[in-house]
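*Asks:* Coordinates in target-v6.csv, CSV, C-alpha atoms, are listed below.
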chain,number,residue,atom,x,y,z
A,1341,MET,CA,83.1,18.0,-6.7
A,1342,THR,CA,84.7,14.6,-7.1
A,1343,ALA,CA,85.4,13.0,-10.4
A,1344,PRO,CA,82.8,10.6,-11.7
A,1345,ARG,CA,83.7,7.1,-11.1
A,1346,ASP,CA,84.0,4.5,-13.8
A,1347,PRO,CA,81.2,2.0,-13.2
A,1348,SER,CA,83.2,-0.8,-14.7
A,1349,PRO,CA,86.8,-0.6,-13.3
A,1350,ARG,CA,89.3,-2.0,-15.7
A,1351,ARG,CA,92.9,-3.0,-15.1
A,1352,PRO,CA,95.2,0.0,-15.7
A,1353,HIS,CA,96.6,0.0,-19.3
A,1354,HIS,CA,100.2,-1.1,-19.4
A,1355,PRO,CA,102.3,-0.6,-22.5
A,1356,ALA,CA,103.9,-4.1,-22.1
A,1357,ASP,CA,100.4,-5.7,-22.2
A,1358,ALA,CA,100.3,-5.9,-25.9
A,1359,GLU,CA,103.9,-7.1,-26.1
A,1360,ARG,CA,103.2,-9.9,-23.6
A,1361,LEU,CA,100.9,-11.4,-26.2
A,1362,ASP,CA,103.6,-11.4,-28.9
A,1363,PRO,CA,106.8,-13.2,-27.8
A,1364,ARG,CA,108.7,-11.9,-30.8
A,1365,ALA,CA,108.0,-8.3,-30.0
A,1366,LEU,CA,108.9,-9.0,-26.4
A,1367,ALA,CA,112.2,-10.5,-27.4
A,1368,ASP,CA,112.9,-7.6,-29.7
A,1369,SER,CA,112.2,-5.0,-27.0
A,1370,ARG,CA,114.4,-6.9,-24.6
A,1371,ARG,CA,117.2,-7.1,-27.1
A,1372,ALA,CA,116.8,-3.3,-27.8
A,1373,ALA,CA,116.9,-2.6,-24.1
A,1374,MET,CA,120.1,-4.7,-23.7
A,1375,ARG,CA,121.7,-2.9,-26.7
A,1376,ARG,CA,120.9,0.5,-25.1
A,1377,ARG,CA,122.3,-0.7,-21.8
A,1378,ILE,CA,125.5,-1.9,-23.4
A,1379,GLN,CA,125.8,1.4,-25.3
A,1380,ARG,CA,125.4,3.2,-22.0
A,1381,ILE,CA,128.1,1.1,-20.4
A,1382,ARG,CA,130.5,1.7,-23.3
A,1383,ARG,CA,129.9,5.4,-23.1
A,1384,THR,CA,130.4,5.4,-19.3
A,1385,VAL,CA,133.7,3.5,-19.6
A,1386,ALA,CA,135.0,5.7,-22.4
A,1387,GLY,CA,134.1,8.8,-20.4
A,1388,SER,CA,135.7,7.4,-17.2
A,1389,ALA,CA,138.9,6.5,-19.2
A,1390,LEU,CA,139.1,10.0,-20.5
A,1391,ALA,CA,138.6,11.4,-17.0
A,1392,ILE,CA,141.3,9.1,-15.6
A,1393,PHE,CA,143.7,10.2,-18.3
A,1394,ALA,CA,142.9,13.9,-17.6
A,1395,ALA,CA,143.4,13.4,-13.9
A,1396,ALA,CA,146.7,11.6,-14.4
A,1397,PHE,CA,147.8,14.2,-16.8
A,1398,LEU,CA,147.2,16.9,-14.2
A,1399,ALA,CA,148.9,14.9,-11.5
A,1400,VAL,CA,152.0,14.2,-13.5
A,1401,SER,CA,152.2,17.7,-14.9
A,1402,SER,CA,151.9,19.2,-11.4
A,1403,SER,CA,154.7,16.9,-10.2
A,1404,VAL,CA,156.8,17.8,-13.1
A,1405,GLY,CA,156.0,21.5,-12.5
A,1406,THR,CA,156.9,21.1,-8.8
A,1407,ALA,CA,160.2,19.5,-9.8
A,1408,SER,CA,160.7,22.3,-12.4
A,1409,SER,CA,160.1,25.0,-9.8
A,1410,SER,CA,162.4,23.4,-7.2
A,1411,SER,CA,165.2,22.8,-9.8
A,1412,SER,CA,164.9,26.4,-11.1
A,1413,SER,CA,165.1,27.8,-7.6
A,1414,ALA,CA,168.0,25.5,-6.8
A,1415,ALA,CA,169.8,26.5,-10.0
A,1416,ALA,CA,168.6,30.1,-10.0
A,1417,GLY,CA,170.8,32.3,-12.1
A,1418,THR,CA,173.1,29.6,-13.3
A,1419,VAL,CA,171.3,28.0,-16.3
A,1420,PRO,CA,168.0,29.8,-16.7
A,1421,SER,CA,167.3,28.8,-20.3
A,1422,SER,CA,167.4,25.0,-19.6
A,1423,SER,CA,165.5,24.9,-16.4
A,1424,SER,CA,162.6,22.9,-17.8
A,1425,GLU,CA,164.9,20.3,-19.3
A,1426,SER,CA,166.9,20.0,-16.1
A,1427,SER,CA,163.7,19.6,-14.1
A,1428,ARG,CA,162.7,16.8,-16.5
A,1429,SER,CA,165.9,14.9,-15.9
A,1430,SER,CA,165.8,15.7,-12.2
A,1431,SER,CA,162.3,14.4,-11.9
A,1432,ALA,CA,163.3,11.2,-13.8
A,1433,GLU,CA,166.3,10.7,-11.6
A,1434,ALA,CA,164.7,11.6,-8.4
A,1435,THR,CA,162.1,8.9,-8.9
A,1436,GLY,CA,164.6,6.2,-9.7
A,1437,GLY,CA,164.8,7.0,-13.4
A,1438,GLU,CA,167.9,7.2,-15.4
A,1439,SER,CA,168.9,9.8,-17.9
A,1440,SER,CA,169.6,8.6,-21.3
A,1441,GLY,CA,172.3,11.1,-21.8
A,1442,SER,CA,172.3,10.5,-25.5
A,1443,SER,CA,170.1,13.5,-26.3
A,1444,GLY,CA,172.0,16.7,-26.9
A,1445,SER,CA,169.1,18.9,-25.8
A,1446,GLY,CA,169.5,17.8,-22.2
A,1447,GLU,CA,173.2,18.2,-21.9
A,1448,SER,CA,173.2,21.9,-21.1
A,1449,GLY,CA,171.0,21.2,-18.1
A,1450,GLU,CA,173.1,18.4,-16.7
A,1451,SER,CA,175.0,20.6,-14.3
A,1452,SER,CA,171.9,22.1,-12.8
A,1453,SER,CA,170.0,18.8,-12.7
A,1454,ALA,CA,172.6,17.4,-10.4
A,1455,THR,CA,172.1,20.3,-8.0
A,1456,ALA,CA,168.3,19.8,-8.3
A,1457,VAL,CA,168.5,16.1,-7.5
A,1458,THR,CA,170.5,16.8,-4.3
A,1459,THR,CA,168.1,19.5,-3.4
A,1460,SER,CA,165.0,17.5,-4.0
A,1461,GLN,CA,166.4,14.4,-2.2
A,1462,SER,CA,167.5,16.4,0.8
B,373,MET,CA,143.8,23.0,-6.9
B,374,ILE,CA,142.7,22.3,-10.5
B,375,ASP,CA,143.6,25.8,-11.5
B,376,GLN,CA,147.1,25.4,-10.1
B,377,ALA,CA,147.5,22.1,-11.9
B,378,THR,CA,146.2,23.5,-15.1
B,379,ILE,CA,148.7,26.3,-14.9
B,380,LEU,CA,151.5,23.8,-14.2
B,381,ALA,CA,150.3,21.7,-17.0
B,382,ALA,CA,150.3,24.6,-19.3
B,383,ALA,CA,153.8,25.6,-18.1
B,384,ALA,CA,155.2,22.2,-18.4
B,385,GLY,CA,153.2,21.3,-21.6
B,386,GLY,CA,155.5,23.3,-23.9
B,387,THR,CA,158.6,21.1,-23.4
B,388,HIS,CA,157.2,18.0,-21.7
B,389,LEU,CA,153.9,17.5,-23.4
B,390,PHE,CA,154.7,14.1,-25.0
B,391,TRP,CA,156.4,12.9,-21.9
B,392,ILE,CA,153.5,13.9,-19.6
B,393,THR,CA,151.0,12.4,-22.1
B,394,SER,CA,152.9,9.1,-22.1
B,395,ARG,CA,153.0,8.9,-18.3
B,396,ALA,CA,149.4,9.8,-18.0
B,397,ALA,CA,148.4,7.3,-20.6
B,398,GLY,CA,150.5,4.6,-18.8
B,399,ILE,CA,148.7,5.4,-15.5
B,400,ALA,CA,145.3,5.3,-17.2
B,401,ALA,CA,146.2,2.0,-18.9
B,402,LEU,CA,147.3,0.5,-15.5
B,403,LEU,CA,144.1,1.5,-13.8
B,404,LEU,CA,141.8,0.4,-16.7
B,405,SER,CA,143.6,-2.9,-17.2
B,406,SER,CA,143.4,-3.7,-13.5
B,407,VAL,CA,139.7,-3.0,-13.3
B,408,SER,CA,139.2,-5.0,-16.5
B,409,VAL,CA,141.2,-8.0,-15.0
B,410,CYS,CA,139.0,-7.7,-11.9
B,411,MET,CA,135.8,-7.9,-14.0
B,412,GLY,CA,137.1,-10.7,-16.0
B,413,LEU,CA,137.9,-12.7,-12.9
B,414,LEU,CA,134.5,-11.9,-11.4
B,415,MET,CA,132.9,-13.1,-14.6
B,416,GLY,CA,135.0,-16.2,-15.0
B,417,GLY,CA,134.8,-17.2,-11.4
B,418,ARG,CA,131.0,-16.8,-11.5
B,419,LEU,CA,131.3,-14.6,-8.4
B,420,LEU,CA,128.7,-12.3,-9.8
B,421,LYS,CA,125.8,-14.4,-11.2
B,422,ARG,CA,123.6,-11.6,-12.3
B,423,ARG,CA,124.2,-9.0,-15.0
B,424,GLY,CA,126.5,-11.2,-17.0
B,425,ALA,CA,125.9,-9.3,-20.2
B,426,ASP,CA,126.6,-6.0,-18.5
B,427,LEU,CA,129.8,-7.3,-17.0
B,428,ARG,CA,131.0,-8.6,-20.3
B,429,ALA,CA,130.3,-5.3,-22.0
B,430,ALA,CA,132.1,-3.4,-19.3
B,431,HIS,CA,135.0,-5.9,-19.5
B,432,GLU,CA,135.3,-5.5,-23.2
B,433,ALA,CA,135.0,-1.7,-23.1
B,434,LEU,CA,137.6,-1.5,-20.3
B,435,SER,CA,140.0,-3.8,-22.2
B,436,LEU,CA,139.7,-1.8,-25.4
B,437,SER,CA,140.2,1.5,-23.5
B,438,ALA,CA,143.3,0.1,-21.8
B,439,LEU,CA,144.7,-1.0,-25.2
B,440,VAL,CA,144.1,2.5,-26.6
B,441,ALA,CA,145.8,4.0,-23.5
B,442,LEU,CA,148.7,1.7,-24.0
B,443,ALA,CA,149.0,2.7,-27.7
B,444,VAL,CA,149.0,6.3,-26.6
B,445,HIS,CA,151.6,5.5,-23.9
B,446,GLY,CA,154.0,4.1,-26.4
B,447,LEU,CA,153.4,6.3,-29.4
B,448,SER,CA,153.5,9.6,-27.6
B,449,LEU,CA,157.1,8.8,-26.7
B,450,LEU,CA,157.9,9.2,-30.3
B,451,GLY,CA,157.4,12.9,-30.1
B,452,ASP,CA,159.5,13.3,-27.0
B,453,SER,CA,162.6,15.4,-27.7
B,454,TYR,CA,164.5,14.2,-24.7
B,455,LEU,CA,164.4,10.4,-25.1
B,456,HIS,CA,163.8,10.6,-28.8
B,457,PRO,CA,163.2,6.9,-29.4
B,458,SER,CA,162.7,5.3,-32.8
B,459,LEU,CA,159.6,3.3,-33.6
B,460,GLY,CA,161.6,0.2,-33.3
B,461,GLU,CA,162.7,1.1,-29.8
B,462,VAL,CA,159.1,1.7,-28.8
B,463,ALA,CA,157.7,-1.4,-30.5
B,464,ILE,CA,160.4,-4.1,-30.3
B,465,PRO,CA,161.3,-5.4,-26.8
B,466,PHE,CA,164.9,-5.0,-25.4
B,467,LEU,CA,166.0,-2.8,-28.3
B,468,GLY,CA,166.0,0.6,-26.7
B,469,ALA,CA,168.9,2.0,-24.6
B,470,TYR,CA,166.7,3.6,-21.9
B,471,LYS,CA,166.1,1.0,-19.0
B,472,THR,CA,166.2,-1.8,-21.5
B,473,VAL,CA,164.9,-4.6,-19.2
B,474,TRP,CA,161.9,-2.7,-17.8
B,475,THR,CA,161.0,-1.1,-21.2
B,476,GLY,CA,161.3,-4.6,-22.8
B,477,VAL,CA,159.0,-6.1,-20.1
B,478,GLY,CA,156.5,-3.4,-20.8
B,479,ILE,CA,156.6,-3.9,-24.6
B,480,VAL,CA,156.2,-7.7,-24.2
B,481,ALA,CA,153.2,-7.0,-21.9
B,482,PHE,CA,151.7,-4.7,-24.4
B,483,TRP,CA,152.0,-7.2,-27.3
B,484,MET,CA,150.6,-10.0,-25.2
B,485,MET,CA,147.7,-7.8,-24.1
B,486,LEU,CA,147.0,-6.7,-27.7
B,487,ILE,CA,147.1,-10.2,-29.2
B,488,LEU,CA,145.3,-11.9,-26.4
B,489,GLY,CA,142.7,-9.1,-26.1
B,490,LEU,CA,141.9,-8.9,-29.8
B,491,SER,CA,141.8,-12.7,-30.1
B,492,TYR,CA,138.3,-12.4,-28.5
B,493,TYR,CA,137.0,-11.4,-31.9
B,494,ALA,CA,138.5,-14.5,-33.5
B,495,ARG,CA,137.4,-17.0,-30.7
B,496,ALA,CA,135.0,-18.8,-33.0
B,497,ARG,CA,137.9,-19.5,-35.3
B,498,ILE,CA,140.3,-20.4,-32.5
B,499,GLY,CA,137.8,-22.5,-30.6
B,500,VAL,CA,136.1,-21.3,-27.5
B,501,SER,CA,137.8,-23.6,-25.0
B,502,ARG,CA,141.3,-23.0,-26.6
B,503,TRP,CA,140.6,-19.3,-26.5
B,504,ARG,CA,139.7,-19.5,-22.8
B,505,ARG,CA,142.9,-21.2,-22.0
B,506,LEU,CA,144.8,-18.6,-24.0
B,507,HIS,CA,142.9,-15.8,-22.4
B,508,ARG,CA,144.3,-16.8,-19.0
B,509,LEU,CA,147.7,-15.6,-20.1
B,510,THR,CA,146.2,-12.0,-20.1
B,511,ALA,CA,146.7,-12.1,-16.3
B,512,LEU,CA,150.4,-12.7,-16.9
B,513,ALA,CA,150.6,-9.8,-19.3
B,514,TRP,CA,148.9,-7.6,-16.7
B,515,ILE,CA,151.4,-8.7,-14.0
B,516,LEU,CA,154.2,-7.9,-16.4
B,517,GLY,CA,152.7,-4.5,-16.9
B,518,ILE,CA,152.6,-3.9,-13.2
B,519,ALA,CA,156.2,-4.9,-13.0
B,520,HIS,CA,157.0,-2.4,-15.8
B,521,SER,CA,155.2,0.4,-14.1
B,522,LEU,CA,156.9,-0.2,-10.7
B,523,GLY,CA,160.3,-0.9,-12.2
B,524,GLU,CA,160.4,1.9,-14.7
B,525,GLY,CA,157.7,4.3,-14.0
B,526,GLY,CA,158.7,7.8,-13.3
B,527,ASP,CA,156.0,8.0,-10.6
B,528,ALA,CA,156.7,4.7,-9.0
B,529,GLY,CA,158.2,6.1,-5.9
B,530,LYS,CA,155.4,8.5,-5.2
B,531,ALA,CA,152.8,7.9,-2.5
B,532,TRP,CA,149.8,8.9,-4.6
B,533,PHE,CA,150.9,6.5,-7.4
B,534,LEU,CA,151.5,3.6,-5.0
B,535,ALA,CA,148.1,4.3,-3.2
B,536,MET,CA,146.2,4.5,-6.5
B,537,THR,CA,147.9,1.4,-7.8
B,538,GLY,CA,147.3,-0.5,-4.6
B,539,VAL,CA,143.6,0.3,-4.7
B,540,VAL,CA,143.1,-1.3,-8.1
B,541,VAL,CA,145.9,-3.9,-8.1
B,542,ILE,CA,145.4,-5.6,-4.7
B,543,PRO,CA,141.8,-6.6,-5.3
B,544,ALA,CA,142.7,-8.0,-8.7
B,545,LEU,CA,145.6,-9.9,-7.3
B,546,ALA,CA,143.4,-11.3,-4.5
B,547,LEU,CA,140.8,-12.4,-7.1
B,548,LEU,CA,143.6,-13.9,-9.2
B,549,ALA,CA,145.0,-15.8,-6.2
B,550,ALA,CA,141.5,-17.0,-5.4
B,551,ARG,CA,141.0,-18.2,-8.9
B,552,TRP,CA,144.4,-20.0,-9.0
B,553,LEU,CA,143.7,-21.7,-5.7
B,554,GLY,CA,140.2,-22.7,-6.8
B,555,SER,CA,141.4,-24.1,-10.1
B,556,SER,CA,144.2,-26.1,-8.5
B,557,ARG,CA,141.7,-27.6,-6.0
B,558,GLU,CA,139.4,-28.4,-8.8
B,559,SER,CA,142.0,-30.1,-10.8
B,560,ARG,CA,143.1,-32.1,-7.7
B,561,SER,CA,139.6,-33.2,-7.1
B,562,ARG,CA,139.2,-34.1,-10.8
B,563,THR,CA,142.3,-36.3,-10.7
B,564,ALA,CA,141.1,-37.9,-7.5
B,565,ALA,CA,137.6,-38.6,-8.7
B,566,PRO,CA,138.2,-41.1,-11.5
B,567,SER,CA,140.4,-43.4,-9.3
B,568,ALA,CA,137.7,-43.3,-6.6
B,569,GLY,CA,135.0,-44.2,-9.1
B,570,ALA,CA,137.1,-47.0,-10.7
B,571,ARG,CA,137.5,-49.0,-7.5
B,572,PRO,CA,134.0,-50.5,-7.4
B,573,VAL,CA,134.3,-51.6,-11.0
B,574,ARG,CA,137.6,-53.3,-10.3
B,575,ALA,CA,136.1,-54.9,-7.2
B,576,VAL,CA,133.2,-56.3,-9.3
B,577,ARG,CA,135.6,-57.7,-11.9
Turn the structure described in the file into structure tokens.

*Replies:*
Amino acid sequence: MTAPRDPSPRRPHHPADAERLDPRALADSRRAAMRRRIQRIRRTVAGSALAIFAAAFLAVSSSVGTASSSSSSAAAGTVPSSSSESSRSSSAEATGGESSGSSGSGESGESSSATAVTTSQS
Amino acid sequence: MIDQATILAAAAGGTHLFWITSRAAGIAALLLSSVSVCMGLLMGGRLLKRRGADLRAAHEALSLSALVALAVHGLSLLGDSYLHPSLGEVAIPFLGAYKTVWTGVGIVAFWMMLILGLSYYARARIGVSRWRRLHRLTALAWILGIAHSLGEGGDAGKAWFLAMTGVVVIPALALLAARWLGSSRESRSRTAAPSAGARPVRAVR
């Protein structure tokens, strides 16, 4: 029932055996392996960079969204159309940022942003 | 958690897309450059003796990713309707009206990182030892970048940002301090060695 044994046991065949004999082939295979490894590292780093960017994007947008919701609840009914812009300026100011004040688009939200800053700071 | 964030991103994305993109790219650049500085210091200080080629590849890929993130960080501001900066204000230091000093520091850091980083590909022309001396200035550019992010960054006061920055910046700063201390000791021992070696010769004469 057992498998017939080989009367002359040989060393197990290894794919590198042939290459061991040829130093040029060995060097080529090592170089190719290194190239593959470097490609893998580059892909991993690029993927990680994209993942970090995506995570940061979500974190920042959630913080902007939180500021937006707090400012819109603070200024509810007063300036509904510019709630997002006021949240932007309020989030910048609440974190130590300063409003440029040069842009005309943000001026309508200035009054509500002041309310939002005091609300978020308190 | 992710769903909520996605919804918030979608909600905020309409008006703040460029602003959020710029901030996210800045955070990514800070993380990537800090890890890259760590790897460079590990390589240069020969603290990791094995896998030198792997470390070099990772260092290069991280540096290029950080440069791309920095480019996105600056260029995405061009689309922002609130700040509405010009290309000159984004590219030339101390020109913009918004937080002039900190923005200028960030722009200087970016140009330093870009020039010093890409000089790697011209090191044969520059000369390897001269390039190595130049490359040390990258640490200064990185420190300027940290100062920019803490001084200007919209998220600088937030706990999650400080914790995340600390996790990557503190080890790199420790490695940098170890390198500076080591190199100053080395230079002191080098200046001491020739005088010690010269004494017997003088005694013979």

*Asks:* Excluding region 465-478 of chain B and any residue of its chain fewer than 2 positions from it, enumerate the residues within 8 Å of it, using all atoms listed in the file, and give them as a list in words.

*Replies:*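 Surrounding residues, per the criterion: Glu1438, Ser1439 and Ser1440 of chain A; Leu455, Pro457, Gly460, Glu461, Val462, Ala463, Val480, Ala481, Phe482, Leu516, Gly517, Ala519, His520, Ser521, Gly523 and Glu524 of chain B.
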
*Asks:* What's the separation between CA of Arg1383 (chain A) and CA of Ala430 (chain B), in Å to one decimal place?

*Replies:*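 Computing it gives 9.8 Å between the two atoms.
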
*Asks:* Just need the residues of chain B within 7 Å of chain A, counting only C-alpha atoms, so spit them out as a ChimeraX atom specification.

*Replies:* /B:377-378,380-381,384,392-393,396-397,399-400,426,429-430,433-434,437,454-455,470,524,526-529

*Asks:* Have a look at CA of Val539 (chain B) and CA of Leu488 (chain B) and let me know their distance in Å, one decimal.

*Replies:* 25.0 Å

*Asks:* Tell me, in Å to one decimal, how far CA of Arg1370 (chain A) is from CA of Met415 (chain B).

*Replies:*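 CA of Met415 (chain B) lies 21.9 Å from CA of Arg1370 (chain A).
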
*Asks:* So, with all atoms listed in the file as the atoms that count, which of B:Gly489, B:Val407, B:Leu439, B:Gly417 lies closest to Gly538 (chain B)?

*Replies:*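 The shortest atom-to-atom distance to Gly538 (chain B) comes from B:Val407.
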
*Asks:* Pick the closest to Arg551 (chain B) from B:Ala511, B:Ala438, B:Leu447, B:Leu534: which is it, counting all atoms listed in the file?

*Replies:* B:Ala511

*Asks:* Can you tell me which residues surround Ser435 (chain B) at a distance of at most 9 Å, considering only C-alpha atoms, apart from same-chain residues fewer than 6 positions away, and format the answer as an mmCIF file with C-alpha atoms, in the frame of the given file?

*Replies:*
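Once written, out_35.cif looks like this:
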data_model
loop_
_atom_site.group_PDB
_atom_site.id
_atom_site.type_symbol
_atom_site.label_atom_id
_atom_site.label_comp_id
_atom_site.auth_asym_id
_atom_site.auth_seq_id
_atom_site.Cartn_x
_atom_site.Cartn_y
_atom_site.Cartn_z
ATOM 1 C CA LEU B 404 141.800 0.400 -16.700
ATOM 2 C CA SER B 405 143.600 -2.900 -17.200
ATOM 3 C CA VAL B 407 139.700 -3.000 -13.300
ATOM 4 C CA SER B 408 139.200 -5.000 -16.500
ATOM 5 C CA VAL B 409 141.200 -8.000 -15.000
ATOM 6 C CA MET B 485 147.700 -7.800 -24.100
ATOM 7 C CA GLY B 489 142.700 -9.100 -26.100
#

*Asks:* Smallest atom-to-atom distance to Leu427 (chain B): which of B:Cys410, B:Ser556, B:Ala544, B:Ser448, using only C-alpha atoms?

*Replies:*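 Closest to Leu427 (chain B) of all the choices is B:Cys410.
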